[in-house]
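Trainee: Got final.txt for you, compact mmCIF, C-alpha atoms and all ligand atoms:
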```
# COMPACT_ATOMS: atom_id res chain seq x y z
CA MET A 207 172.53 84.09 117.26
CA LEU A 208 169.56 81.82 117.19
CA ASP A 209 169.75 81.39 113.44
CA VAL A 210 173.26 79.99 113.49
CA ALA A 211 172.40 76.84 115.37
CA LYS A 212 169.43 76.31 113.12
CA GLN A 213 171.50 76.68 109.97
CA ALA A 214 174.20 74.38 111.28
CA ARG A 215 171.75 71.52 111.50
CA VAL A 216 170.21 71.91 108.08
CA PRO A 217 172.81 71.04 105.38
CA ASP A 218 173.45 67.31 105.70
CA SER A 219 170.27 66.18 107.33
CA ARG A 220 167.15 65.57 105.34
CA SER A 221 164.24 65.19 107.70
CA THR A 222 163.35 61.76 108.98
CA LEU A 223 160.16 60.38 107.47
CA LEU A 224 160.05 56.92 109.01
CA SER A 225 161.61 55.71 112.20
CA VAL A 226 161.44 52.06 113.25
CA GLU A 227 162.49 51.35 116.81
CA ASP A 228 163.16 47.89 118.23
CA LEU A 229 160.61 46.19 116.01
CA GLN A 230 159.89 42.60 117.03
CA LYS A 231 157.71 39.94 115.52
CA THR A 232 157.49 36.29 116.47
CA TYR A 233 155.24 33.89 114.58
CA LYS A 234 153.76 31.06 116.58
CA THR A 235 153.56 27.94 114.46
CA ARG A 236 152.69 24.30 115.10
CA HIS A 237 156.39 23.53 115.13
CA GLY A 238 157.38 26.30 117.51
CA SER A 239 158.06 30.03 117.55
CA ILE A 240 159.83 31.82 114.75
CA ARG A 241 161.50 35.05 115.70
CA ALA A 242 161.11 36.64 112.26
CA VAL A 243 162.13 40.18 113.29
CA ASP A 244 164.37 40.63 116.28
CA ASN A 245 164.83 44.18 117.59
CA VAL A 246 165.19 45.92 114.27
CA SER A 247 165.70 49.70 114.21
CA PHE A 248 166.29 52.01 111.25
CA GLU A 249 165.25 55.33 109.74
CA ILE A 250 164.32 56.56 106.30
CA SER A 251 164.67 60.22 105.38
CA GLU A 252 162.49 62.24 103.06
CA GLY A 253 163.43 61.35 99.45
CA GLU A 254 165.81 58.59 100.49
CA THR A 255 166.02 55.01 99.20
CA VAL A 256 166.95 52.46 101.83
CA ALA A 257 167.49 48.86 100.76
CA LEU A 258 166.73 45.90 102.98
CA VAL A 259 168.71 42.88 101.80
CA GLY A 260 169.28 39.32 102.90
CA GLU A 261 168.47 35.77 101.91
CA SER A 262 164.95 34.44 101.72
CA GLY A 263 163.34 33.99 105.15
CA CYS A 264 165.41 36.61 107.00
CA GLY A 265 162.36 38.73 107.84
CA LYS A 266 162.21 41.38 105.12
CA SER A 267 158.55 40.97 104.17
CA THR A 268 157.55 40.75 107.82
CA ILE A 269 159.00 44.23 108.33
CA ALA A 270 157.06 45.50 105.30
CA LEU A 271 153.81 44.03 106.59
CA ALA A 272 154.37 45.50 110.05
CA LEU A 273 155.02 48.97 108.58
CA LEU A 274 151.76 48.75 106.65
CA ARG A 275 149.94 47.53 109.77
CA LEU A 276 148.95 44.38 107.90
CA ILE A 277 150.31 42.36 110.81
CA ASP A 278 150.60 43.28 114.47
CA GLN A 279 154.11 43.54 115.79
CA ASP A 280 154.96 42.14 119.24
CA GLY A 281 157.14 45.01 120.27
CA GLY A 282 158.71 48.27 119.16
CA ARG A 283 157.47 51.46 117.60
CA VAL A 284 156.85 52.68 114.08
CA VAL A 285 156.97 56.46 113.88
CA PHE A 286 155.91 58.03 110.60
CA ASP A 287 156.27 61.76 110.04
CA GLY A 288 156.79 62.21 113.78
CA LYS A 289 153.71 60.23 114.80
CA ASP A 290 153.64 56.84 116.50
CA LEU A 291 151.33 54.74 114.31
CA ASP A 292 149.99 52.84 117.32
CA LEU A 293 148.85 55.99 119.09
CA LEU A 294 146.74 57.48 116.30
CA SER A 295 142.99 57.91 116.34
CA PRO A 296 141.22 55.78 113.69
CA ARG A 297 140.80 58.86 111.52
CA GLU A 298 144.44 59.87 111.78
CA ALA A 299 145.46 56.26 111.17
CA ASN A 300 143.47 56.19 107.93
CA ALA A 301 145.04 59.38 106.69
CA MET A 302 148.48 58.12 107.66
CA ARG A 303 148.03 54.69 106.13
CA ARG A 304 147.73 56.03 102.63
CA GLN A 305 151.07 57.80 102.92
CA LEU A 306 152.69 54.36 102.89
CA SER A 307 152.06 52.21 99.88
CA ILE A 308 153.46 48.91 98.64
CA VAL A 309 154.36 47.13 95.43
CA PHE A 310 154.46 43.37 95.97
CA GLN A 311 156.82 40.89 94.40
CA ASN A 312 154.44 39.00 92.18
CA PRO A 313 152.34 41.05 89.74
CA TYR A 314 150.59 37.86 88.65
CA ALA A 315 149.16 37.33 92.14
CA SER A 316 148.74 40.91 93.33
CA LEU A 317 146.33 42.16 90.64
CA ASN A 318 142.73 40.99 90.83
CA PRO A 319 142.17 39.11 87.53
CA ARG A 320 138.52 40.15 87.39
CA MET A 321 139.16 43.87 87.66
CA ARG A 322 139.77 46.12 84.70
CA ILE A 323 142.87 48.30 84.94
CA ARG A 324 140.63 51.35 85.37
CA ASP A 325 139.29 49.82 88.59
CA VAL A 326 142.64 48.44 89.78
CA VAL A 327 144.09 51.96 89.76
CA GLY A 328 140.79 53.73 90.49
CA GLU A 329 139.94 51.76 93.64
CA PRO A 330 142.54 53.38 95.92
CA ILE A 331 141.56 56.80 94.56
CA ARG A 332 137.91 56.11 95.36
CA THR A 333 138.63 54.96 98.90
CA ALA A 334 141.19 57.64 99.78
CA PHE A 335 140.01 60.78 97.99
CA ASP A 336 136.66 62.44 97.61
CA VAL A 337 136.86 63.33 93.92
CA SER A 338 134.37 63.36 91.06
CA ARG A 339 134.20 60.48 88.60
CA ARG A 340 135.72 62.64 85.91
CA GLU A 341 138.59 63.73 88.12
CA ARG A 342 139.17 60.10 89.02
CA GLU A 343 139.37 59.08 85.34
CA GLU A 344 141.85 61.85 84.73
CA ARG A 345 143.97 60.73 87.65
CA ILE A 346 143.90 57.11 86.49
CA ALA A 347 145.06 58.17 83.03
CA GLY A 348 147.77 60.31 84.63
CA TYR A 349 149.15 57.50 86.80
CA LEU A 350 149.08 55.08 83.86
CA ARG A 351 150.93 57.66 81.76
CA SER A 352 153.54 58.10 84.47
CA VAL A 353 154.33 54.37 84.32
CA GLY A 354 154.44 54.30 80.52
CA LEU A 355 150.93 52.99 79.80
CA GLY A 356 148.17 54.68 77.80
CA PRO A 357 144.45 55.40 78.33
CA GLU A 358 143.68 52.62 75.82
CA HIS A 359 144.82 50.14 78.52
CA MET A 360 142.17 51.24 81.02
CA SER A 361 139.42 48.83 80.00
CA ARG A 362 141.67 45.78 79.73
CA PHE A 363 142.16 42.99 82.27
CA PRO A 364 145.47 42.01 83.94
CA HIS A 365 145.86 38.79 81.90
CA GLU A 366 146.21 40.91 78.75
CA PHE A 367 149.52 42.31 80.02
CA SER A 368 153.08 41.01 80.28
CA GLY A 369 154.82 40.66 83.66
CA GLY A 370 156.65 43.95 83.27
CA GLN A 371 153.46 45.78 82.31
CA ARG A 372 151.59 44.24 85.24
CA GLN A 373 154.27 45.50 87.58
CA ARG A 374 153.86 48.97 86.03
CA ILE A 375 150.14 48.72 86.76
CA ALA A 376 150.94 47.73 90.36
CA VAL A 377 153.20 50.78 90.62
CA ALA A 378 150.42 53.01 89.22
CA ARG A 379 148.03 51.58 91.81
CA ALA A 380 150.54 52.27 94.59
CA LEU A 381 151.03 55.85 93.34
CA ALA A 382 147.27 56.44 93.29
CA LEU A 383 147.33 56.84 97.07
CA GLU A 384 149.80 59.72 96.63
CA PRO A 385 152.13 58.08 99.17
CA ARG A 386 155.28 59.61 100.60
CA LEU A 387 156.91 56.24 101.24
CA LEU A 388 156.75 53.41 98.77
CA ILE A 389 157.66 49.93 99.98
CA LEU A 390 158.95 47.81 97.13
CA ASP A 391 159.03 44.15 98.18
CA GLU A 392 161.26 42.41 95.61
CA PRO A 393 159.47 44.32 92.84
CA THR A 394 161.49 42.79 90.00
CA ALA A 395 162.09 39.27 91.34
CA ALA A 396 159.30 37.72 89.26
CA LEU A 397 160.35 39.49 86.05
CA ASP A 398 162.70 38.58 83.21
CA VAL A 399 166.15 40.10 83.56
CA SER A 400 165.60 42.25 80.47
CA VAL A 401 162.48 43.77 82.01
CA GLN A 402 163.97 44.24 85.50
CA ALA A 403 166.15 47.15 84.42
CA GLN A 404 163.20 48.94 82.81
CA VAL A 405 161.10 48.68 85.96
CA LEU A 406 164.00 49.83 88.15
CA ASN A 407 164.60 52.81 85.85
CA LEU A 408 160.93 53.69 86.05
CA LEU A 409 161.05 53.56 89.85
CA ARG A 410 164.09 55.81 89.96
CA GLU A 411 162.45 58.33 87.63
CA LEU A 412 159.30 58.36 89.72
CA GLN A 413 161.29 58.88 92.87
CA THR A 414 163.07 61.90 91.43
CA SER A 415 159.96 63.44 89.91
CA ARG A 416 157.79 62.88 92.98
CA GLY A 417 160.30 63.15 95.82
CA LEU A 418 159.28 59.75 97.15
CA SER A 419 161.09 57.75 99.82
CA PHE A 420 161.63 54.06 99.07
CA LEU A 421 162.12 51.01 101.22
CA TYR A 422 163.54 48.72 98.56
CA ILE A 423 163.47 45.08 99.63
CA SER A 424 165.60 42.62 97.69
CA HIS A 425 167.84 39.59 97.91
CA ASP A 426 169.61 40.75 94.76
CA LEU A 427 172.51 43.05 95.57
CA ALA A 428 173.19 43.91 91.95
CA THR A 429 169.96 45.93 91.79
CA VAL A 430 170.53 47.45 95.23
CA GLU A 431 173.75 49.11 94.12
CA CYS A 432 171.99 51.06 91.40
CA ILE A 433 168.96 52.19 93.38
CA ALA A 434 169.73 52.58 97.11
CA ASP A 435 171.37 55.41 99.07
CA ARG A 436 171.76 53.22 102.13
CA VAL A 437 171.60 49.51 102.71
CA LEU A 438 170.54 47.39 105.69
CA VAL A 439 171.77 43.80 105.61
CA MET A 440 169.62 41.30 107.50
CA TYR A 441 170.42 37.83 108.72
CA LEU A 442 167.87 35.68 110.54
CA GLY A 443 165.70 38.53 111.74
CA ARG A 444 168.43 41.00 112.68
CA ILE A 445 170.28 43.81 110.97
CA VAL A 446 173.92 42.77 110.83
CA GLU A 447 175.27 45.70 108.84
CA ALA A 448 174.06 49.16 107.83
CA GLY A 449 175.66 51.98 105.93
CA ARG A 450 175.84 54.01 102.75
CA THR A 451 175.52 51.67 99.77
CA SER A 452 178.71 52.90 98.12
CA GLU A 453 180.73 52.35 101.31
CA VAL A 454 179.22 48.98 102.16
CA PHE A 455 179.78 47.72 98.63
CA ALA A 456 183.34 49.03 98.48
CA ARG A 457 184.33 47.75 101.93
CA PRO A 458 181.83 45.37 103.50
CA ALA A 459 182.30 45.07 107.26
CA HIS A 460 180.32 41.94 108.04
CA PRO A 461 181.54 38.58 106.67
CA TYR A 462 177.95 37.89 105.63
CA THR A 463 177.76 41.08 103.57
CA ARG A 464 181.09 40.19 102.06
CA ALA A 465 179.86 36.71 101.14
CA LEU A 466 176.70 38.13 99.58
CA LEU A 467 178.77 40.58 97.54
CA ASP A 468 181.20 37.88 96.48
CA SER A 469 178.33 35.86 95.11
CA ILE A 470 177.32 38.54 92.57
CA PRO A 471 179.25 39.21 89.39
CA ILE A 472 181.43 42.29 89.78
CA PRO A 473 183.34 44.12 87.04
CA ASP A 474 186.78 43.75 88.62
CA PRO A 475 187.12 40.68 90.84
CA ALA A 476 190.83 41.45 91.37
CA GLN A 477 189.70 44.35 93.54
CA ARG A 478 188.46 41.99 96.21
CA GLU A 479 190.59 39.53 98.07
CA ARG A 480 188.58 36.32 97.96
CA LEU A 481 186.85 35.01 101.02
CA LYS A 482 185.21 31.60 101.23
CA PRO A 483 182.03 31.64 99.18
CA LEU A 484 178.81 31.64 101.16
CA GLY A 485 178.39 27.98 101.90
CA GLY A 486 175.74 26.12 103.80
CA GLU A 487 172.07 26.78 104.21
CA VAL A 488 170.27 29.48 106.14
CA PRO A 489 169.75 27.87 109.57
CA SER A 490 166.23 27.00 110.63
CA PRO A 491 164.61 29.97 112.35
CA LEU A 492 162.82 27.44 114.56
CA ASN A 493 166.16 26.52 116.03
CA PRO A 494 168.60 29.39 115.49
CA PRO A 495 172.31 28.91 116.22
CA SER A 496 173.71 30.08 119.56
CA GLY A 497 175.78 33.26 119.77
CA CYS A 498 176.17 35.00 116.43
CA ALA A 499 173.55 33.38 114.17
CA PHE A 500 175.97 33.53 111.24
CA HIS A 501 178.78 31.61 112.98
CA PRO A 502 178.10 28.16 111.42
CA ARG A 503 178.67 29.64 107.94
CA CYS A 504 181.44 32.09 108.83
CA GLY A 505 185.12 31.53 108.00
CA ARG A 506 186.16 33.92 110.80
CA ALA A 507 184.07 32.52 113.65
CA THR A 508 185.81 31.79 116.95
CA ALA A 509 184.64 30.20 120.19
CA HIS A 510 183.50 33.64 121.32
CA CYS A 511 181.12 33.86 118.34
CA THR A 512 179.45 30.56 119.15
CA GLY A 513 178.68 31.64 122.70
CA THR A 514 177.94 35.35 122.55
CA SER A 515 175.66 37.33 120.29
CA PRO A 516 177.27 40.54 118.97
CA SER A 517 175.25 43.74 119.05
CA LEU A 518 175.03 46.29 116.27
CA GLU A 519 177.80 48.81 116.95
CA LEU A 520 178.62 52.09 115.27
CA VAL A 521 181.94 51.73 113.42
CA GLY A 522 181.97 54.97 111.46
CA LYS A 523 179.73 57.81 110.37
CA GLY A 524 176.39 56.23 109.57
CA ARG A 525 178.01 52.80 109.51
CA SER A 526 177.24 49.99 111.89
CA VAL A 527 178.03 46.30 112.07
CA SER A 528 177.27 43.40 114.34
CA CYS A 529 180.40 41.24 114.32
CA PHE A 530 183.26 40.54 116.76
CA HIS A 531 185.72 40.21 113.87
CA ASN A 532 184.49 42.77 111.41
CA LEU A 533 186.46 43.21 108.22
CA LEU A 534 187.13 46.92 108.71
CA GLU A 535 189.25 46.28 111.78
CA THR A 536 191.60 43.89 110.03
CA SER A 537 191.87 45.80 106.77
CA PRO A 538 191.67 49.46 107.71
CA ASP A 539 191.00 52.08 105.08
CA PRO A 540 194.37 53.84 104.44
CA THR A 541 192.65 57.24 104.35
CA SER A 542 191.19 56.71 107.80
CA LEU A 543 194.70 56.04 109.15
CA ILE A 544 195.96 59.33 107.74
CA SER A 545 193.14 61.37 109.17
CA GLY A 546 193.83 59.76 112.51
N1 LIG B 1 152.46 34.01 108.54
C1 LIG B 1 153.55 33.35 108.95
N2 LIG B 1 153.45 32.34 109.86
C2 LIG B 1 154.54 31.68 110.30
N3 LIG B 1 155.79 31.95 109.91
C3 LIG B 1 155.97 32.94 109.01
C4 LIG B 1 154.86 33.68 108.48
N4 LIG B 1 155.35 34.60 107.61
C5 LIG B 1 156.68 34.43 107.59
N5 LIG B 1 157.07 33.44 108.42
C6 LIG B 1 158.44 33.00 108.71
O1 LIG B 1 159.13 34.14 109.21
C7 LIG B 1 160.45 34.20 108.67
C8 LIG B 1 160.63 35.50 107.93
O2 LIG B 1 159.81 35.48 106.77
P1 LIG B 1 159.70 36.69 105.76
O3 LIG B 1 159.48 37.94 106.52
O4 LIG B 1 158.70 36.34 104.71
O5 LIG B 1 161.19 36.72 105.13
P2 LIG B 1 161.72 37.27 103.73
O6 LIG B 1 160.73 38.26 103.20
O7 LIG B 1 163.04 37.89 104.06
O8 LIG B 1 161.88 36.10 102.83
C9 LIG B 1 160.61 32.95 107.82
O9 LIG B 1 161.20 31.96 108.60
C10 LIG B 1 159.19 32.58 107.47
O10 LIG B 1 159.07 31.21 107.23
MG MG B 2 159.77 38.29 101.33
```
The structure given in the file should be rewritten as structure tokens.
Ligand SMILES: Nc1ncnc2c1ncn2[C@@H]1O[C@H](COP(=O)(O)OP(=O)(O)O)[C@@H](O)[C@H]1O
Ligand SMILES: [Mg+2]

Mentor:
Amino acid sequence: MLDVAKQARVPDSRSTLLSVEDLQKTYKTRHGSIRAVDNVSFEISEGETVALVGESGCGKSTIALALLRLIDQDGGRVVFDGKDLDLLSPREANAMRRQLSIVFQNPYASLNPRMRIRDVVGEPIRTAFDVSRREREERIAGYLRSVGLGPEHMSRFPHEFSGGQRQRIAVARALALEPRLLILDEPTAALDVSVQAQVLNLLRELQTSRGLSFLYISHDLATVECIADRVLVMYLGRIVEAGRTSEVFARPAHPYTRALLDSIPIPDPAQRERLKPLGGEVPSPLNPPSGCAFHPRCGRATAHCTGTSPSLELVGKGRSVSCFHNLLETSPDPTSLISG
């Protein structure tokens, strides 16, 4: 019957909200071209948190800016809710744009120091929604409440707040657009460690209560483990590994992922056989290495790796890796051997 096929598809697939296909961005600088994003593809489902991780300069923020249409990409497509963002009429584009919202890394730089909090949070409401002044005030109070601030904060200026509070204000401002996807670009990197956990908890609560999707950008894998359903690991503009966070953290496939994980404190180090720590610097994007860009820092690199660039290959359900000597092949999961 017709219904059967329909039902069969439903259970494990939440619907795709964002689909990025072969995104490319090269910056032209005085010193040469920088291929900041090189053929990156990924999807985010409704209500899902996907983390984008990698060292500074690997292209994370460039992806965020391209998704928000704050920079023009050189190639590829961004499809949001089934619509190609480049093919929308100006009116559709406006409506679509407010469904994606961002919280930037630095709440000291991202809040206008001359605006009262009422206006910081009220501005997006004014531009995106045709509501009365009174309704707007009520919404502002509501968003501030949802991030743990009170109406008494409305007439204050950003400098009167701590870093953690400022980031809460930035989150309230992002929520004011009523987005479906929130891009969080290193949202806790500028905060004290003690405050980081509070902000992350707030974000998780908001996601559950509002059914938001998150693109969580970070170079800090410790926070990724507690917030993300899936993780995309980037190196020099490319995704080198992707998979469910729990699986990637338990058994990283790419030597780079492994090195990143080995550089964070873990409860039981005996669980992981040690690999060489991540040595060396990120290579200059102006002059990237030949073959696999990670080869100069990789303990497993062979002559093949220096000459040929690996592509991102599927190595399991929802799991892909771009490496000729990936760690899953040499240390297979015993359960996968049993199941054949
Ligand atoms: N506006 C720009 N002009 C030239 N190069 C840029 C610009 N923005 C970023 N880059 C370069 O592009 C690369 C990726 O940067 P970015 O996306 O900010 O990485 P990340 O957010 O992962 O630190 C880096 O090499 C960076 O120096
Ligand atoms: Mg960045």

Trainee: Could you give me, as JSON lines, a per-residue list for chain A showing, wherever an atom lies at most 6 Å from an atom of ligand LIG 1 (chain B), the closest pair of atoms and their distance in Å to one decimal, using only C-alpha atoms and all ligand atoms and sorting by chain then residue number from low to high?

Mentor:
```
{"residue": "A:Tyr233", "atom": "CA", "partner": "B:LIG1", "partner_atom": "C2", "distance": 4.9}
{"residue": "A:Thr235", "atom": "CA", "partner": "B:LIG1", "partner_atom": "C2", "distance": 5.7}
{"residue": "A:Ala242", "atom": "CA", "partner": "B:LIG1", "partner_atom": "C7", "distance": 4.4}
{"residue": "A:Ser262", "atom": "CA", "partner": "B:LIG1", "partner_atom": "O8", "distance": 3.7}
{"residue": "A:Gly263", "atom": "CA", "partner": "B:LIG1", "partner_atom": "O8", "distance": 3.5}
{"residue": "A:Cys264", "atom": "CA", "partner": "B:LIG1", "partner_atom": "O7", "distance": 4.0}
{"residue": "A:Gly265", "atom": "CA", "partner": "B:LIG1", "partner_atom": "O3", "distance": 3.3}
{"residue": "A:Lys266", "atom": "CA", "partner": "B:LIG1", "partner_atom": "O7", "distance": 3.7}
{"residue": "A:Ser267", "atom": "CA", "partner": "B:LIG1", "partner_atom": "O6", "distance": 3.6}
{"residue": "A:Thr268", "atom": "CA", "partner": "B:LIG1", "partner_atom": "O3", "distance": 3.6}
{"residue": "A:Pro491", "atom": "CA", "partner": "B:LIG1", "partner_atom": "O9", "distance": 5.4}
```

Trainee: Near A:Asn318, counting all atoms listed in the file, which residues have an atom at most 9 Å away, once you skip same-chain residues fewer than 6 positions from it, shown as a list in words?

Mentor: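 After dropping sequence-adjacent residues, the list is Val326, Phe363 and Pro364 of chain A.
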
Trainee: Is there a way to get, as an MDAnalysis selection string, all residues within 12 Å of the point (181.4, 38.6, 104.9) in file coordinates, counting only C-alpha atoms?

Mentor: chainID A and resid 439 441 446:447 454:455 457:469 478:485 500:501 503:507 527:529 531:534

Trainee: Neighbours of A:Leu408 within 8 Å (all atoms listed in the file; same-chain residues fewer than 4 positions away dropped), as a PyMOL selection string?

Mentor: chain A and resi 353+404+412

Trainee: Between A:Ala403, A:Leu390, A:Asp325, A:Ser419, which has the minimum distance to ligand MG 2 (chain B) (counting all atoms listed in the file)?

Mentor: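 Nearest to ligand MG 2 (chain B): A:Leu390.
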
Trainee: What's the separation between atom CA of A:Lys289 and atom CA of A:Met302, in Å to one decimal place?

Mentor: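 That distance, rounded to one decimal, is 9.1 Å.
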
Trainee: In Å to one decimal, how far is atom CA of A:Ile375 from atom CA of A:Ile346?

Mentor: 10.5 Å
